[in-house]
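Working notes, beginning with the structure itself.
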Amino acid sequence: MPTPNKTRTAILAARGSVTADRDLARLRAAITAFFFLDGFVFAGWVARIPAIKDQTSASEGALGLALLGVSAGGTATMMATGRLCRRFGNHPTTVAAGVLFAGSVALPPLTHSALALGLVLLVFGTGFGALNVAMNSAAVDLIAALRRPVMPSFHAAFSLGGMAGAGLGGLLADHLSPTRHLSLLAVFGLLLAAAAGRTLISLPVPAPRDGAGPAAESGNAAAEPSPGAQRPGRARWLVAVFGLIALCTAYGEGAMADWAALHLHQDLDASAGLAAAGYSVFALMMAVGRLTGTALLERLGQTRALIVGGTTAAAGMLLGSLAPTVWLALLGFAVTGLGLANLFPVAIARAGALTGPGGVAAASTLGYGGMLLGPPTIGFLAGWYSLPIALTTVAALAAVAAMVAYGTRNVVRPAGN
């Protein structure tokens with residue numbers, strides 16, 4: 001029969017476990033909110049680019065140079081954010097970056113020249129890059145505590161936020177000026193950042209359960225080694241490998257965003273409305289794939305999920321780029337979205353599990369570089385050959401991601417497994 005002291009200890013332990021689980025749930029909701037904020041605010045800005053182009057009287061070339069401010073600010077900030085996360089913590093850095101990102105979206109409609117637009121977009125891009133690194137680093141900490149591969153659910157929130165932001169931007173474009181729309185967007189973003197940030201600041205970084213790293217593999221696959229299980233040089237090499245997978249994935253996302261509609265309209269004679277559905281189908285199925293990603297990863301394990309996802313995306317994009325009819329092309333785009341859905345989240349999560357915020361920053365920088373590289377590469381190849389042939393490079397890089405994952409399937413496992 002248990003003594004009163006033992007009974008009291010058991011009750012306190014049970015209460016502590018319930019409290020810890022509640023705190024983890026609150027952290028997960030707060031981090032999810034920042035991912036949604038990221039997609040929602042960025043898509044709202046993109047929806048008003050045509051109006052801001054007219055407002056600044058910028059030519060296509062001048063606008064293109066100004067838009068590079070987002071890319072330059074983002075890529076220049078990502079590696080520095082990794083260091084900020086290590087110094088100040090992932091949670092405070094996430095909140096600060098979210099506030100900067102949300103607040104700066106109100107600046108572009110206040111400009112009246114391409115030069116001024118480019119300068120404020122440097123600030124906007126800085127917030128975007130910093131938020132992506134910090135919130136992914138916070139997500140990696142939570143995954144280690146939950147011991148479940150839930151990173152796809154966070155990126156699903158980003159995808160859903162992007163769809164909501166783009167849809168709302170389209171609805172408001174004819175009713176609100178860019179200044180009023182983006183100012184309201186900034187206010188909403190700041191309120192959301194404040195609400196979610198209060199939770200992040202008030203709760204400590206969760207400790208990994210059982211003193212181990214996140215469960216990177218499930219089923220028959222081996223578990224992801226904790227950062228200490230890898231030598232520093234080897235860990236950096238593995239981060240580069242996962243960064244390459246992220247690059248291959250983001251290349252496809254960037255290419256689809258800029259070229260899918262034109263391919264359907266120009267090469268397959270789709271109407272303007274049907275052509276616009278090309279990227280929407282891709283984005284929708286990517287969101288669906290991410291919403292179901294945790295269950296998929298728990299069933300297959302992360303390595304096999306990378307291999308299956310890359311192979312599926314390669315097959316889908318070959319169909320989408322070379323199909324003779326619009327409907328087959330749309331089917332191919334949908335399959336591509338499903339295949340690519342979880343490659344980027346898994347790559348970022350595994351890089352973060354190896355070396356912390358620095359790994360997230362390095363893999364994110366490579367991935368973001370792929371998103372920047374995709375659209376112009378497709379354009380150059382389309383000029384030299386044709387747009388359908390150029391789009392097959394998306395399939396080629398998806399296949400490369402699958403081959404890299406397969407080639408390193410044993411390297412990422414700890415010894416003895």
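Following the order of the structure tokens, chains are lettered A, B, ..., residues in each are numbered from 1, and ligands are numbered from 1.
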
Worksheet item: So which residues touch segment 95-106 of chain A within 7 Å, counting only C-alpha atoms, skipping near sequence neighbours fewer than 5 positions away, as a ChimeraX atom specification?
Response: /A:41,45,123-124,127-128,130-131,179,182-183,186,189-190,193,197

Fill in: For segment 387-395 of chain A: contacts at 10 Å, only C-alpha atoms, fewer than 4 positions along chain excluded, given as a ChimeraX atom specification
/A:248-256,259-260,262-264,266-267,310-323,336,374-375,377-383,399-401

Worksheet item: When distances are computed from only C-alpha atoms, which of A:Ala145, A:Leu372, A:Val187, A:Ile245 shows the smallest separation from Pro345 of chain A?
Response: A:Ile245

Pull the closest atom pair for each residue of segment 367-410 of chain A that gets at most 12 Å from segment 69-79 of chain A, along with the distance in Å to one decimal, counting only C-alpha atoms, ordering rows by chain and then ascending residue number, as CSV.
residue,atom,partner,partner_atom,distance
A:Gly367,CA,A:Thr75,CA,10.0
A:Tyr368,CA,A:Thr75,CA,7.3
A:Gly369,CA,A:Thr75,CA,7.7
A:Gly370,CA,A:Thr75,CA,11.3
A:Met371,CA,A:Ser71,CA,9.7
A:Leu372,CA,A:Ser71,CA,7.5
A:Leu373,CA,A:Ser71,CA,10.9

Based on the selection just made, write N, CA, C and O atoms of those residues as an mmCIF file, in the first residue's frame.
data_model
loop_
_atom_site.group_PDB
_atom_site.id
_atom_site.type_symbol
_atom_site.label_atom_id
_atom_site.label_comp_id
_atom_site.auth_asym_id
_atom_site.auth_seq_id
_atom_site.Cartn_x
_atom_site.Cartn_y
_atom_site.Cartn_z
ATOM 1 N N GLY A 367 17.989 27.333 -49.119
ATOM 2 C CA GLY A 367 16.645 27.160 -49.668
ATOM 3 C C GLY A 367 16.111 28.433 -50.293
ATOM 4 O O GLY A 367 15.548 28.415 -51.393
ATOM 5 N N TYR A 368 16.296 29.554 -49.597
ATOM 6 C CA TYR A 368 15.824 30.830 -50.121
ATOM 7 C C TYR A 368 16.563 31.184 -51.415
ATOM 8 O O TYR A 368 15.982 31.740 -52.350
ATOM 9 N N GLY A 369 17.858 30.801 -51.465
ATOM 10 C CA GLY A 369 18.601 31.008 -52.706
ATOM 11 C C GLY A 369 18.002 30.229 -53.859
ATOM 12 O O GLY A 369 17.971 30.707 -55.001
ATOM 13 N N GLY A 370 17.510 29.020 -53.581
ATOM 14 C CA GLY A 370 16.857 28.243 -54.628
ATOM 15 C C GLY A 370 15.590 28.906 -55.127
ATOM 16 O O GLY A 370 15.292 28.887 -56.327
ATOM 17 N N MET A 371 14.833 29.519 -54.223
ATOM 18 C CA MET A 371 13.615 30.215 -54.636
ATOM 19 C C MET A 371 13.942 31.420 -55.521
ATOM 20 O O MET A 371 13.202 31.736 -56.456
ATOM 21 N N LEU A 372 15.063 32.092 -55.234
ATOM 22 C CA LEU A 372 15.484 33.216 -56.065
ATOM 23 C C LEU A 372 16.041 32.737 -57.402
ATOM 24 O O LEU A 372 15.885 33.396 -58.429
ATOM 25 N N LEU A 373 16.697 31.580 -57.381
ATOM 26 C CA LEU A 373 17.335 31.062 -58.579
ATOM 27 C C LEU A 373 16.341 30.509 -59.588
ATOM 28 O O LEU A 373 16.547 30.613 -60.799
#

Worksheet entry | Filtered DSSP result for segment 32-237 of chain A, state alpha helix (DSSP H), as a PyMOL selection string | chain A and resi 32-47+49-56+60-88+90-104+114-146+151-172+178-202+232-237

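Shortest atom-to-atom contact with Asp174 of chain A among A:Ala66, A:Phe188, A:Leu27, A:Ala51: A:Ala51, counting only C-alpha atoms.
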
Worksheet item: What is the atom CA of Trp237 of chain A-atom CA of Ala361 of chain A distance in Å, reported with one decimal?
Response: 14.2 Å

Practice prompt. Could you tell me how far atom CA of Thr32 of chain A lies from atom CA of Met151 of chain A, in Å and to one decimal?
Written response: 9.9 Å

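Between Leu24 of chain A and the residues A:Pro204, A:Pro152, A:Gly289, A:Pro324, the shortest atom-to-atom distance, using only C-alpha atoms, involves A:Pro204.
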